[in-house]
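Here is the file work-v5.tsv (TSV, C-alpha atoms).
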```tsv
chain	number	residue	atom	x	y	z
A	1	MET	CA	0.00	0.00	0.00
A	2	ASN	CA	1.49	3.33	-1.00
A	3	ARG	CA	1.34	6.50	1.04
A	4	ARG	CA	-1.68	8.03	-0.65
A	5	ARG	CA	-3.76	4.85	-0.61
A	6	PHE	CA	-2.95	4.28	3.03
A	7	LEU	CA	-4.00	7.78	3.97
A	8	GLN	CA	-7.13	7.52	1.84
A	9	ALA	CA	-8.04	4.36	3.71
A	10	ILE	CA	-7.60	5.84	7.18
A	11	THR	CA	-9.10	9.24	6.45
A	12	GLY	CA	-13.14	7.97	6.98
A	13	SER	CA	7.05	37.68	8.95
A	14	ALA	CA	10.08	39.59	9.50
A	15	SER	CA	11.43	37.98	6.40
A	16	VAL	CA	8.16	38.55	4.60
A	17	MET	CA	8.25	42.24	5.49
A	18	ALA	CA	11.79	42.43	4.17
A	19	LEU	CA	10.50	41.30	0.78
A	20	LYS	CA	7.35	43.41	0.80
A	21	THR	CA	8.79	46.01	-1.51
A	22	PHE	CA	9.16	43.50	-4.31
A	23	GLY	CA	6.36	41.12	-3.36
A	24	ALA	CA	4.51	41.62	-6.63
A	25	ALA	CA	7.61	40.74	-8.60
A	26	SER	CA	8.03	37.51	-6.66
A	27	GLN	CA	4.85	36.03	-8.08
A	28	PRO	CA	5.03	33.43	-10.83
A	29	ALA	CA	5.58	34.84	-14.28
A	30	GLY	CA	2.67	33.08	-15.95
A	31	LYS	CA	0.13	30.29	-15.99
A	32	GLY	CA	1.56	26.82	-15.54
A	33	THR	CA	4.93	27.75	-14.02
A	34	ALA	CA	6.42	28.79	-10.73
A	35	GLY	CA	8.40	31.25	-12.86
A	36	LYS	CA	11.83	32.82	-12.62
A	37	THR	CA	11.42	36.43	-11.64
A	38	VAL	CA	13.48	39.45	-10.71
A	39	ALA	CA	12.89	38.69	-7.02
A	40	ASP	CA	14.16	35.12	-7.08
A	41	GLU	CA	17.72	36.06	-6.25
A	42	GLN	CA	16.61	38.11	-3.22
A	43	ILE	CA	14.48	35.20	-2.04
A	44	ARG	CA	17.42	32.87	-2.54
A	45	GLN	CA	19.66	35.12	-0.46
A	46	LEU	CA	17.05	35.22	2.30
A	47	ILE	CA	16.81	31.43	2.26
A	48	ASP	CA	20.58	31.01	2.32
A	49	ALA	CA	20.83	33.32	5.32
A	50	HIS	CA	18.44	31.02	7.22
A	51	ARG	CA	20.04	27.71	6.32
A	52	PRO	CA	20.89	25.85	9.54
A	53	SER	CA	24.43	25.35	8.26
A	54	ARG	CA	24.91	29.13	8.12
A	55	LEU	CA	23.20	30.07	11.37
A	56	LYS	CA	25.51	30.61	14.30
A	57	ARG	CA	22.63	29.66	16.53
A	58	LEU	CA	19.39	27.91	15.80
A	59	PRO	CA	16.19	29.52	17.08
A	60	SER	CA	15.95	28.92	20.82
A	61	ASP	CA	12.68	27.04	20.35
A	62	PHE	CA	13.91	24.98	17.38
A	63	ASN	CA	13.30	21.59	19.04
A	64	ALA	CA	9.72	22.58	19.93
A	65	ARG	CA	9.07	23.81	16.38
A	66	VAL	CA	10.75	21.11	14.27
A	67	GLY	CA	9.89	17.45	14.68
A	68	ALA	CA	8.41	14.46	12.87
A	69	ALA	CA	5.32	12.34	12.39
A	70	HIS	CA	4.91	8.79	13.66
A	71	VAL	CA	2.18	6.66	12.09
A	72	ALA	CA	1.79	3.26	10.41
A	73	GLY	CA	5.47	2.43	10.14
A	74	LYS	CA	6.16	-0.94	8.56
A	75	TYR	CA	8.53	-2.09	11.32
A	76	HIS	CA	9.21	-1.70	15.02
A	77	LEU	CA	12.29	-2.04	17.20
A	78	THR	CA	10.97	-2.86	20.69
A	79	SER	CA	8.15	-4.74	22.40
A	80	LYS	CA	6.50	-1.52	23.58
A	81	PRO	CA	3.13	-0.39	22.23
A	82	PHE	CA	3.90	1.08	18.83
A	83	LEU	CA	2.51	4.56	19.56
A	84	ILE	CA	4.66	4.84	22.67
A	85	GLU	CA	7.76	3.31	21.07
A	86	GLY	CA	7.71	5.96	18.35
A	87	ALA	CA	6.92	8.84	20.67
A	88	GLU	CA	9.76	7.94	23.01
A	89	LYS	CA	12.12	7.54	20.05
A	90	LEU	CA	11.32	11.04	18.80
A	91	LEU	CA	12.13	12.44	22.23
A	92	ALA	CA	15.35	10.43	22.40
A	93	LEU	CA	16.45	11.90	19.07
A	94	GLY	CA	16.04	15.34	20.58
A	95	THR	CA	12.85	16.84	19.18
A	96	ARG	CA	9.96	18.04	21.33
A	97	LEU	CA	7.43	18.10	18.48
A	98	GLY	CA	5.50	14.98	17.56
A	99	LYS	CA	2.71	14.49	15.05
A	100	PHE	CA	0.33	11.56	15.55
A	101	TRP	CA	-2.77	10.14	13.88
A	102	PHE	CA	-5.85	10.54	16.05
A	103	MET	CA	-8.74	8.77	14.34
A	104	PRO	CA	-10.99	6.46	16.38
A	105	GLY	CA	-12.01	4.37	13.40
A	106	THR	CA	-8.50	3.49	12.24
A	107	VAL	CA	-6.20	3.90	15.22
A	108	ALA	CA	-5.42	0.17	15.33
A	109	ALA	CA	-4.14	0.35	11.75
A	110	SER	CA	-2.11	3.45	12.55
A	111	TYR	CA	-0.37	1.87	15.58
A	112	PRO	CA	-0.62	-1.91	15.16
A	113	PHE	CA	2.42	-3.47	16.82
A	114	ASN	CA	2.37	-4.71	20.42
A	115	SER	CA	-0.98	-3.02	21.00
A	116	GLN	CA	-4.46	-4.00	22.09
A	117	TRP	CA	-6.74	-1.15	21.09
A	118	GLN	CA	-10.29	-1.01	22.32
A	119	SER	CA	-13.00	0.46	20.10
A	120	PRO	CA	-13.22	4.18	20.89
A	121	GLU	CA	-16.45	5.72	19.70
A	122	THR	CA	-15.53	9.39	20.05
A	123	LEU	CA	-12.47	11.61	19.93
A	124	VAL	CA	-12.62	11.99	23.71
A	125	ASP	CA	-12.77	8.21	24.10
A	126	LEU	CA	-9.56	7.98	22.08
A	127	ALA	CA	-7.91	10.71	24.17
A	128	ARG	CA	-8.77	8.73	27.30
A	129	SER	CA	-7.36	5.49	25.92
A	130	GLU	CA	-4.42	3.87	27.70
A	131	TYR	CA	-1.89	4.52	24.96
A	132	PHE	CA	-2.80	8.16	24.33
A	133	GLN	CA	-2.76	8.80	28.06
A	134	GLN	CA	0.82	7.49	28.07
A	135	LEU	CA	1.65	9.68	25.07
A	136	PHE	CA	0.16	12.78	26.65
A	137	ALA	CA	2.30	12.25	29.76
A	138	LEU	CA	5.51	12.46	27.73
A	139	PRO	CA	7.44	15.77	27.70
A	140	PHE	CA	6.48	17.09	24.29
A	141	SER	CA	6.22	20.84	23.84
A	142	THR	CA	4.13	20.56	20.67
A	143	ILE	CA	1.68	17.79	19.79
A	144	ILE	CA	-0.03	17.76	16.41
A	145	LEU	CA	-3.00	15.43	16.14
A	146	GLU	CA	-4.36	14.36	12.76
A	147	ALA	CA	-7.91	14.28	14.11
A	148	ALA	CA	-11.01	13.04	12.33
A	149	MET	CA	-14.04	10.88	12.89
A	150	PRO	CA	-15.14	8.31	10.30
A	151	ARG	CA	-17.08	9.96	7.47
A	152	GLU	CA	-16.68	13.37	9.10
A	153	TRP	CA	-15.89	14.83	5.70
A	154	PRO	CA	-18.08	13.14	3.05
A	155	ALA	CA	-15.96	13.55	-0.04
A	156	ASN	CA	-18.74	13.37	-2.59
A	157	ASP	CA	-21.55	14.97	-0.60
A	158	ASN	CA	-21.81	18.67	-1.36
A	159	THR	CA	-24.57	19.37	1.14
A	160	ARG	CA	-24.41	19.00	4.89
A	161	ALA	CA	-27.44	19.35	7.10
A	162	ALA	CA	-27.13	21.93	9.84
A	163	ASP	CA	-27.57	19.23	12.47
A	164	SER	CA	-24.63	17.30	11.00
A	165	LEU	CA	-22.36	20.34	11.20
A	166	LYS	CA	-23.52	20.96	14.76
A	167	GLU	CA	-22.36	17.45	15.59
A	168	VAL	CA	-18.93	18.27	14.16
A	169	THR	CA	-18.75	21.41	16.28
A	170	GLN	CA	-19.72	19.44	19.39
A	171	MET	CA	-17.05	16.79	18.69
A	172	TYR	CA	-14.29	19.39	18.65
A	173	PHE	CA	-15.71	21.33	21.56
A	174	ASP	CA	-15.70	18.17	23.66
A	175	LEU	CA	-12.17	17.19	22.65
A	176	THR	CA	-10.77	20.69	23.14
A	177	ALA	CA	-12.44	21.01	26.54
A	178	TYR	CA	-10.96	17.65	27.57
A	179	LEU	CA	-7.47	18.65	26.43
A	180	TYR	CA	-7.64	21.96	28.31
A	181	ASN	CA	-8.60	20.13	31.48
A	182	LEU	CA	-5.87	17.52	30.99
A	183	PHE	CA	-3.04	19.94	30.11
A	184	HIS	CA	-4.24	23.00	32.00
A	185	ALA	CA	-1.09	23.46	34.09
A	186	ARG	CA	1.41	22.46	31.41
A	187	PRO	CA	2.95	24.77	28.76
A	188	VAL	CA	2.24	22.72	25.66
A	189	THR	CA	0.66	23.52	22.29
A	190	LEU	CA	-1.79	21.00	20.83
A	191	ILE	CA	-2.93	21.37	17.23
A	192	LEU	CA	-5.93	19.54	15.80
A	193	GLN	CA	-5.76	19.29	12.03
A	194	HIS	CA	-7.18	17.27	9.16
A	195	TRP	CA	-5.21	15.52	6.41
A	196	GLU	CA	-4.38	16.97	2.97
A	197	GLY	CA	-7.42	19.06	2.16
A	198	ASP	CA	-7.00	19.35	-1.59
A	199	TRP	CA	-7.26	15.57	-1.90
A	200	LEU	CA	-10.30	15.58	0.41
A	201	LEU	CA	-11.82	18.35	-1.70
A	202	ARG	CA	-11.22	16.42	-4.90
A	203	GLY	CA	-12.70	13.19	-3.63
A	204	ARG	CA	-9.64	11.35	-2.19
A	205	GLY	CA	-8.80	9.84	-5.55
A	206	GLY	CA	-5.96	12.18	-6.45
A	207	GLU	CA	-7.94	13.89	-9.22
A	208	LYS	CA	-5.99	16.61	-11.01
A	209	TRP	CA	-9.02	18.89	-11.48
A	210	ASP	CA	-7.71	19.95	-14.87
A	211	PRO	CA	-10.42	20.65	-15.87
A	212	PRO	CA	-12.31	20.69	-12.56
A	213	PRO	CA	-15.76	19.12	-12.14
A	214	VAL	CA	-18.79	21.30	-12.77
A	215	ASN	CA	-19.61	21.39	-9.05
A	216	TRP	CA	-16.17	22.44	-7.83
A	217	GLN	CA	-17.43	25.69	-6.33
A	218	GLU	CA	-20.11	23.88	-4.34
A	219	ARG	CA	-17.45	21.50	-3.02
A	220	CYS	CA	-15.32	24.43	-1.90
A	221	GLU	CA	-18.26	26.04	-0.14
A	222	ALA	CA	-19.08	22.76	1.60
A	223	MET	CA	-15.50	22.51	2.83
A	224	GLN	CA	-15.68	26.07	4.17
A	225	ARG	CA	-18.75	25.14	6.22
A	226	TRP	CA	-17.04	21.99	7.51
A	227	LEU	CA	-13.89	23.86	8.56
A	228	ALA	CA	-16.01	26.53	10.21
A	229	ALA	CA	-17.81	23.83	12.21
A	230	ARG	CA	-14.54	22.32	13.44
A	231	GLN	CA	-13.09	25.73	14.28
A	232	ALA	CA	-16.24	26.78	16.12
A	233	GLY	CA	-15.91	23.87	18.51
A	234	VAL	CA	-12.27	24.61	19.28
A	235	THR	CA	-12.86	28.36	19.63
A	236	LYS	CA	-15.83	27.94	21.97
A	237	ALA	CA	-13.99	25.50	24.23
A	238	ARG	CA	-10.87	27.67	24.26
A	239	ALA	CA	-12.94	30.64	25.40
A	240	ALA	CA	-14.56	28.56	28.12
A	241	PHE	CA	-11.51	26.70	29.44
A	242	GLY	CA	-8.37	28.40	28.15
A	243	LYS	CA	-8.32	31.73	29.94
A	244	ASP	CA	-5.93	30.77	32.74
A	245	ALA	CA	-4.45	27.66	31.12
A	246	LYS	CA	-0.76	27.28	30.37
A	247	CYS	CA	-1.57	25.03	27.43
A	248	ARG	CA	-2.97	26.13	24.08
A	249	VAL	CA	-5.28	24.12	21.80
A	250	ALA	CA	-5.61	25.22	18.20
A	251	HIS	CA	-7.30	24.10	14.99
A	252	ALA	CA	-5.63	23.93	11.57
A	253	ALA	CA	-6.73	23.32	8.01
A	254	GLU	CA	-4.24	21.54	5.73
A	255	VAL	CA	-3.63	22.34	2.06
A	256	ASN	CA	-1.43	20.31	-0.29
A	257	ARG	CA	-1.79	21.50	-3.89
A	258	VAL	CA	-0.74	25.13	-3.68
A	259	ALA	CA	1.22	25.23	-6.94
A	260	ASP	CA	-1.88	24.26	-8.92
A	261	LEU	CA	-3.20	27.79	-8.51
A	262	TRP	CA	-0.40	28.96	-10.81
A	263	LYS	CA	-1.93	26.74	-13.49
A	264	GLY	CA	-5.42	28.15	-13.07
A	265	ILE	CA	-6.64	24.99	-11.30
A	266	PRO	CA	-9.04	25.53	-8.37
A	267	THR	CA	-7.31	24.89	-5.04
A	268	MET	CA	-8.15	24.86	-1.38
A	269	THR	CA	-5.63	27.69	-0.92
A	270	GLU	CA	-7.36	30.01	-3.38
A	271	HIS	CA	-10.99	28.98	-3.10
A	272	VAL	CA	-11.51	27.66	0.45
A	273	LEU	CA	-9.13	29.45	2.82
A	274	PRO	CA	-10.38	32.99	2.12
A	275	GLY	CA	-13.86	31.95	3.26
A	276	ALA	CA	-12.98	29.89	6.33
A	277	GLU	CA	-11.28	31.42	9.37
A	278	VAL	CA	-8.98	28.99	11.21
A	279	ASP	CA	-6.23	29.30	13.82
A	280	LEU	CA	-3.51	27.87	11.57
A	281	VAL	CA	-2.95	26.52	8.09
A	282	SER	CA	-0.83	23.40	7.62
A	283	TYR	CA	0.94	22.82	4.31
A	284	SER	CA	1.78	19.28	3.17
A	285	CYS	CA	4.34	20.58	0.79
A	286	TYR	CA	5.38	17.91	-1.71
A	287	ASP	CA	4.26	20.06	-4.64
A	288	GLY	CA	6.56	22.86	-3.48
A	289	MET	CA	9.77	20.88	-2.95
A	290	GLN	CA	11.33	21.60	-6.35
A	291	ASP	CA	13.71	23.99	-4.62
A	292	GLY	CA	13.79	26.42	-1.74
A	293	VAL	CA	12.50	29.37	-3.76
A	294	THR	CA	9.43	27.43	-4.92
A	295	LEU	CA	8.71	26.30	-1.36
A	296	TRP	CA	9.06	29.86	-0.07
A	297	LYS	CA	6.67	31.12	-2.75
A	298	CYS	CA	4.10	28.44	-1.96
A	299	ILE	CA	4.13	29.36	1.73
A	300	THR	CA	3.74	33.01	0.76
A	301	GLU	CA	0.74	32.18	-1.46
A	302	ILE	CA	-0.96	30.53	1.51
A	303	LYS	CA	-0.20	33.49	3.77
A	304	LYS	CA	-1.72	35.89	1.29
A	305	ARG	CA	-5.05	34.06	1.23
A	306	ALA	CA	-5.48	32.51	4.68
A	307	ARG	CA	-7.95	33.99	7.13
A	308	THR	CA	-6.65	33.25	10.61
A	309	THR	CA	-7.87	34.08	14.09
A	310	GLY	CA	-4.74	35.90	15.23
A	311	LEU	CA	-3.91	33.29	17.88
A	312	PHE	CA	-0.46	32.84	16.32
A	313	GLY	CA	-0.01	36.37	15.01
A	314	LYS	CA	1.13	36.88	11.44
A	315	ASN	CA	3.00	33.56	11.26
A	316	SER	CA	0.17	31.08	11.08
A	317	VAL	CA	1.25	28.82	8.19
A	318	TYR	CA	3.24	25.75	9.22
A	319	ILE	CA	4.65	22.73	7.41
A	320	GLY	CA	2.52	19.75	8.37
A	321	GLU	CA	4.36	17.28	6.17
A	322	ILE	CA	7.62	17.20	4.24
A	323	GLY	CA	9.62	14.11	3.34
A	324	ILE	CA	12.15	12.64	0.94
A	325	PRO	CA	12.16	8.89	0.07
A	326	GLU	CA	15.85	8.11	0.47
A	327	ASN	CA	15.79	4.84	-1.45
A	328	GLU	CA	14.44	6.63	-4.51
A	329	GLN	CA	16.26	9.96	-4.27
A	330	PRO	CA	19.83	9.14	-3.22
A	331	GLU	CA	21.30	12.57	-3.97
A	332	PRO	CA	23.18	14.25	-1.08
A	333	LEU	CA	20.30	14.86	1.27
A	334	SER	CA	22.01	17.13	3.78
A	335	GLU	CA	22.35	19.89	1.18
A	336	ARG	CA	18.74	19.53	0.11
A	337	TRP	CA	17.40	19.51	3.65
A	338	ASP	CA	19.58	22.50	4.52
A	339	GLU	CA	18.05	24.49	1.65
A	340	LEU	CA	14.47	23.44	2.39
A	341	LEU	CA	14.82	24.24	6.09
A	342	GLY	CA	16.29	27.59	5.11
A	343	ALA	CA	13.15	28.27	3.07
A	344	MET	CA	10.82	27.23	5.88
A	345	LEU	CA	12.66	29.19	8.56
A	346	SER	CA	12.95	32.29	6.38
A	347	ALA	CA	9.21	32.09	5.66
A	348	GLU	CA	8.73	31.99	9.45
A	349	ALA	CA	6.86	28.69	9.59
A	350	PRO	CA	6.02	28.26	13.29
A	351	TYR	CA	6.15	24.45	13.09
A	352	ILE	CA	7.68	21.84	10.78
A	353	ALA	CA	6.72	18.14	10.90
A	354	MET	CA	9.04	15.89	8.89
A	355	TRP	CA	7.62	12.70	7.28
A	356	GLN	CA	8.44	10.51	9.17
A	357	LEU	CA	10.02	8.42	11.99
A	358	PHE	CA	9.65	4.86	10.59
A	359	CYS	CA	8.86	4.46	6.88
A	360	ASN	CA	5.22	3.59	6.20
A	361	GLU	CA	5.46	2.85	2.46
A	362	LEU	CA	6.49	-0.49	1.01
A	363	ASN	CA	8.69	-0.60	-2.07
A	364	PRO	CA	6.14	-0.62	-4.93
A	365	LYS	CA	8.56	-2.49	-7.20
A	366	LEU	CA	8.50	-5.63	-5.05
A	367	ASN	CA	6.01	-8.29	-6.10
A	368	PRO	CA	4.83	-9.92	-3.96
A	369	PRO	CA	5.15	-7.16	-1.35
A	370	PRO	CA	7.41	-7.96	1.60
A	371	ALA	CA	5.96	-9.27	4.84
A	372	VAL	CA	5.42	-6.79	7.66
A	373	PRO	CA	7.26	-6.02	9.85
A	374	VAL	CA	9.96	-5.54	7.24
A	375	ARG	CA	13.62	-6.11	7.98
A	376	ASN	CA	15.47	-4.95	4.87
A	377	PHE	CA	16.21	-1.35	3.90
A	378	SER	CA	15.07	-2.02	0.34
A	379	ASP	CA	11.62	-3.24	1.43
A	380	VAL	CA	10.40	0.34	1.86
A	381	ARG	CA	10.69	3.66	0.03
A	382	GLY	CA	12.76	5.37	2.71
A	383	PHE	CA	10.59	8.06	4.33
A	384	TRP	CA	12.38	7.65	7.64
A	385	LEU	CA	14.55	8.99	10.39
A	386	VAL	CA	15.28	5.48	11.68
A	387	ARG	CA	15.81	2.40	9.49
A	388	PRO	CA	14.48	-1.12	10.20
A	389	ASP	CA	17.73	-2.11	11.93
A	390	GLY	CA	17.57	0.88	14.29
A	391	SER	CA	20.29	2.91	12.55
A	392	LEU	CA	19.79	6.52	11.61
A	393	SER	CA	19.07	7.31	7.99
A	394	GLU	CA	20.82	10.21	6.26
A	395	THR	CA	17.77	12.34	7.03
A	396	GLY	CA	17.84	11.08	10.60
A	397	LYS	CA	21.48	12.02	11.03
A	398	PHE	CA	20.81	15.50	9.63
A	399	PHE	CA	17.89	16.28	11.93
A	400	THR	CA	19.41	14.64	14.99
A	401	ARG	CA	22.51	16.81	14.64
A	402	LEU	CA	20.27	19.86	14.65
A	403	TRP	CA	18.11	18.72	17.58
A	404	GLN	CA	21.23	17.98	19.62
A	405	ARG	CA	23.15	21.07	18.54
A	406	LYS	CA	24.07	23.35	21.40
```

So that I can check it, write out the structure of this file as structure tokens.
Amino acid sequence: MNRRRFLQAITGSASVMALKTFGAASQPAGKGTAGKTVADEQIRQLIDAHRPSRLKRLPSDFNARVGAAHVAGKYHLTSKPFLIEGAEKLLALGTRLGKFWFMPGTVAASYPFNSQWQSPETLVDLARSEYFQQLFALPFSTIILEAAMPREWPANDNTRAADSLKEVTQMYFDLTAYLYNLFHARPVTLILQHWEGDWLLRGRGGEKWDPPPVNWQERCEAMQRWLAARQAGVTKARAAFGKDAKCRVAHAAEVNRVADLWKGIPTMTEHVLPGAEVDLVSYSCYDGMQDGVTLWKCITEIKKRARTTGLFGKNSVYIGEIGIPENEQPEPLSERWDELLGAMLSAEAPYIAMWQLFCNELNPKLNPPPAVPVRNFSDVRGFWLVRPDGSLSETGKFFTRLWQRK
């Protein structure tokens, strides 16, 4: 099962101000291209100045802002429950940011090894489960939860009854209230987000929308109402329980096809975000990883269109997913990661979640597919910090050096 099919199955500006004077020139030159413009060299210089390799000191909160996801890895290294094994490994590597899948209907598939999951019926039930209680007790500074109930977003249903949306609001009110009570005295940020919204918008089948379906505008409006319902629950609970709390619970929408707007293709960035206020916007940024300048421009496009609550100030666009499959792209990865991190830091992304701790994608060239848990490096694509034998990957070495840098 590849990454997209797996996720389909389980889904049921200081620097910006510095570039303001030539912001218009930094836009793509024309339809269908990210464009080379007169501002590209200035953007490149800004990125280079923020490369970790060129910073005398990393941001003081780097380890709380930069971390990795842990979900559905195809191997494990200990006899501990898989959710806890991965969470503890992230902390041991040095990060204090962890991203985890939080879906009652599919949690057993997300964290299968050495685990006996019950059958949680609600998001709060899942939060109260034995394994998530253990996770929540660990010393993370930032916890991102990929939260959704089965069929919460009906991909092909363009109408939602008001009562249905009220149920969504109540779900996220209840979960947010629970998290404020649980973490009240602890300085931790918890972010509730959904998975790649452009794929959800397009029906989870990876449609290119070129041309888009005739009802694309209705789909965008339906997604705006859905996001508003989720946000309303979080906002209401935060107002009721967050006043004196040390913790902070926020809601994020995730986009993943930003560059399509340069081709004239309808996107969540252009046609949903302006009509749906949220606390944060997450960017799963595979379409922007051509180079640092393209990534910077994509983040800027989101910033221009997002309507956010102000909870995180002007820097409310974070990187919810970014990964490189090492077995398929064996070029020197330290240089590439250095450039991409320079782009993300210069664009003032408040959080960055690398994909991921243990690789979750089998090698698609192997037939039959290898048995799980896998043992060989070549059995998977190589989205990893840690390989099946417990050794650090090239990506793992790069990030660990940064997390442990003094």

How many Å separate atom CA of Leu145 of chain A from atom CA of His194 of chain A?
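Answer for the atom CA of Leu145 of chain A to atom CA of His194 of chain A separation: 8.3 Å.
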
I'd like to know which of A:Phe173, A:Trp403, A:Phe136, A:Trp337 is closest to Phe62 of chain A, using only C-alpha atoms.
A:Trp403

For the contact check between segment 188-210 of chain A and segment 317-335 of chain A, emit one row per residue of segment 188-210 of chain A within 12 Å, containing the shortest atom pair and the distance in Å rounded to one decimal, counting all atoms listed in the file, chain then rising number order, as a tab-separated table.
```
residue	atom	partner	partner_atom	distance
A:Ile191	CA	A:Gly320	CA	10.5
A:Leu192	CA	A:Gly320	CA	11.3
A:Gln193	CA	A:Gly320	CA	9.1
A:His194	CA	A:Gly320	CA	10.0
A:Trp195	CA	A:Gly320	CA	9.0
A:Glu196	CA	A:Gly320	CA	9.2
A:Gly197	CA	A:Gly320	CA	11.7
```

Please provide the set of residues having any atom within 7 Å of segment 222-229 of chain A, restricted to all atoms listed in the file, with same-chain residues fewer than 4 positions apart removed, written as JSON, numbers by chain.
{"A": [158, 159, 165, 166, 168, 169, 218, 233, 272, 275, 276, 277]}

Glu85 of chain A surroundings by only C-alpha atoms, 10 Å radius, close-in-sequence under 2 positions cut, as number ranges by chain
A: 70, 76-83, 87-90, 111, 113-114, 135

With all atoms of segment 325-343 of chain A from the file as input, state the centre and edge lengths in Å to one decimal of the axis-aligned box that has 6 Å extra on each side, as AutoDock Vina command-line options.
```
--center_x 17.7 --center_y 16.6 --center_z 0.8 --size_x 23.0 --size_y 35.4 --size_z 22.6
```

Top pick for closest residue to Leu345 of chain A, considering A:Val372, A:Val188, A:Ile299, A:Leu182 and counting only C-alpha atoms
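Selected residue with least distance to Leu345 of chain A: A:Ile299.
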
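Of the listed residues A:Cys359, A:Val124, A:Ala245, A:Cys298, the one whose atoms come nearest to Asp174 of chain A is A:Val124, with distances taken using only C-alpha atoms.
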
Can you tell me which residues surround Lys303 of chain A at a distance of at most 10 Å, considering only C-alpha atoms, apart from same-chain residues fewer than 6 positions away, and format the answer as a VMD selection string?
chain A and resid 13 16 269 273 281 297 314 to 317 347

Between A:Gly67, A:Gly73, A:Pro388, A:Gly242, which has the minimum distance to Arg96 of chain A (counting only C-alpha atoms)?
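Among the listed residues, A:Gly67 lies closest to Arg96 of chain A.
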
Counting all atoms listed in the file, the residue of A:Val214, A:Ala108, A:Met103, A:Ile265 that sits nearest Ala72 of chain A:
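Smallest separation from Ala72 of chain A among the options: A:Ala108.
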
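Atom pair atom CA of Leu392 of chain A / atom CA of Pro139 of chain A: separated by 22.3 Å.
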
Could you list, as an mmCIF file with C-alpha atoms, in the frame of the given file, every residue within 7 Å of Leu97 of chain A, counting all atoms listed in the file and ignoring same-chain residues fewer than 6 positions away?
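Here's the written file selection08.cif:
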```
data_model
loop_
_atom_site.group_PDB
_atom_site.id
_atom_site.type_symbol
_atom_site.label_atom_id
_atom_site.label_comp_id
_atom_site.auth_asym_id
_atom_site.auth_seq_id
_atom_site.Cartn_x
_atom_site.Cartn_y
_atom_site.Cartn_z
ATOM 1 C CA ASN A 63 13.300 21.590 19.040
ATOM 2 C CA ALA A 64 9.720 22.580 19.930
ATOM 3 C CA ARG A 65 9.070 23.810 16.380
ATOM 4 C CA VAL A 66 10.750 21.110 14.270
ATOM 5 C CA GLY A 67 9.890 17.450 14.680
ATOM 6 C CA ALA A 68 8.410 14.460 12.870
ATOM 7 C CA PHE A 140 6.480 17.090 24.290
ATOM 8 C CA SER A 141 6.220 20.840 23.840
ATOM 9 C CA THR A 142 4.130 20.560 20.670
ATOM 10 C CA ILE A 143 1.680 17.790 19.790
#
```

Mind pulling up the distance from atom CA of Phe358 of chain A to atom CA of Pro112 of chain A?
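Separating atom CA of Pro112 of chain A from atom CA of Phe358 of chain A is a distance of 13.1 Å.
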
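Among the candidates A:Glu121, A:Glu152, A:Asp48, A:Glu348, the residue lying nearest to Thr300 of chain A is A:Glu348 (atoms considered: only C-alpha atoms).
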
For N, CA and C atoms, please extract segment 339-349 of chain A from the block and return it as a PDB file, in the first residue's frame.
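Saved result, part28.pdb, follows:
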```pdb
ATOM      1  N   GLU A 339      18.728  23.470   2.452  1.00  0.00           N
ATOM      2  CA  GLU A 339      18.051  24.491   1.653  1.00  0.00           C
ATOM      3  C   GLU A 339      16.564  24.581   2.003  1.00  0.00           C
ATOM      4  N   LEU A 340      15.900  23.433   2.103  1.00  0.00           N
ATOM      5  CA  LEU A 340      14.470  23.444   2.392  1.00  0.00           C
ATOM      6  C   LEU A 340      14.185  24.011   3.780  1.00  0.00           C
ATOM      7  N   LEU A 341      14.999  23.658   4.765  1.00  0.00           N
ATOM      8  CA  LEU A 341      14.820  24.242   6.093  1.00  0.00           C
ATOM      9  C   LEU A 341      15.083  25.742   6.066  1.00  0.00           C
ATOM     10  N   GLY A 342      16.053  26.166   5.270  1.00  0.00           N
ATOM     11  CA  GLY A 342      16.286  27.594   5.115  1.00  0.00           C
ATOM     12  C   GLY A 342      15.061  28.306   4.585  1.00  0.00           C
ATOM     13  N   ALA A 343      14.377  27.680   3.628  1.00  0.00           N
ATOM     14  CA  ALA A 343      13.152  28.267   3.074  1.00  0.00           C
ATOM     15  C   ALA A 343      12.063  28.342   4.132  1.00  0.00           C
ATOM     16  N   MET A 344      11.891  27.262   4.888  1.00  0.00           N
ATOM     17  CA  MET A 344      10.823  27.230   5.884  1.00  0.00           C
ATOM     18  C   MET A 344      11.085  28.199   7.029  1.00  0.00           C
ATOM     19  N   LEU A 345      12.330  28.271   7.473  1.00  0.00           N
ATOM     20  CA  LEU A 345      12.663  29.195   8.562  1.00  0.00           C
ATOM     21  C   LEU A 345      12.578  30.640   8.097  1.00  0.00           C
ATOM     22  N   SER A 346      13.014  30.921   6.874  1.00  0.00           N
ATOM     23  CA  SER A 346      12.945  32.295   6.383  1.00  0.00           C
ATOM     24  C   SER A 346      11.505  32.728   6.134  1.00  0.00           C
ATOM     25  N   ALA A 347      10.639  31.782   5.813  1.00  0.00           N
ATOM     26  CA  ALA A 347       9.211  32.086   5.657  1.00  0.00           C
ATOM     27  C   ALA A 347       8.482  32.105   6.999  1.00  0.00           C
ATOM     28  N   GLU A 348       9.222  31.902   8.070  1.00  0.00           N
ATOM     29  CA  GLU A 348       8.725  31.995   9.447  1.00  0.00           C
ATOM     30  C   GLU A 348       7.615  30.985   9.745  1.00  0.00           C
ATOM     31  N   ALA A 349       7.795  29.768   9.246  1.00  0.00           N
ATOM     32  CA  ALA A 349       6.865  28.692   9.587  1.00  0.00           C
ATOM     33  C   ALA A 349       6.988  28.400  11.082  1.00  0.00           C
TER      34      ALA A 349
END
```
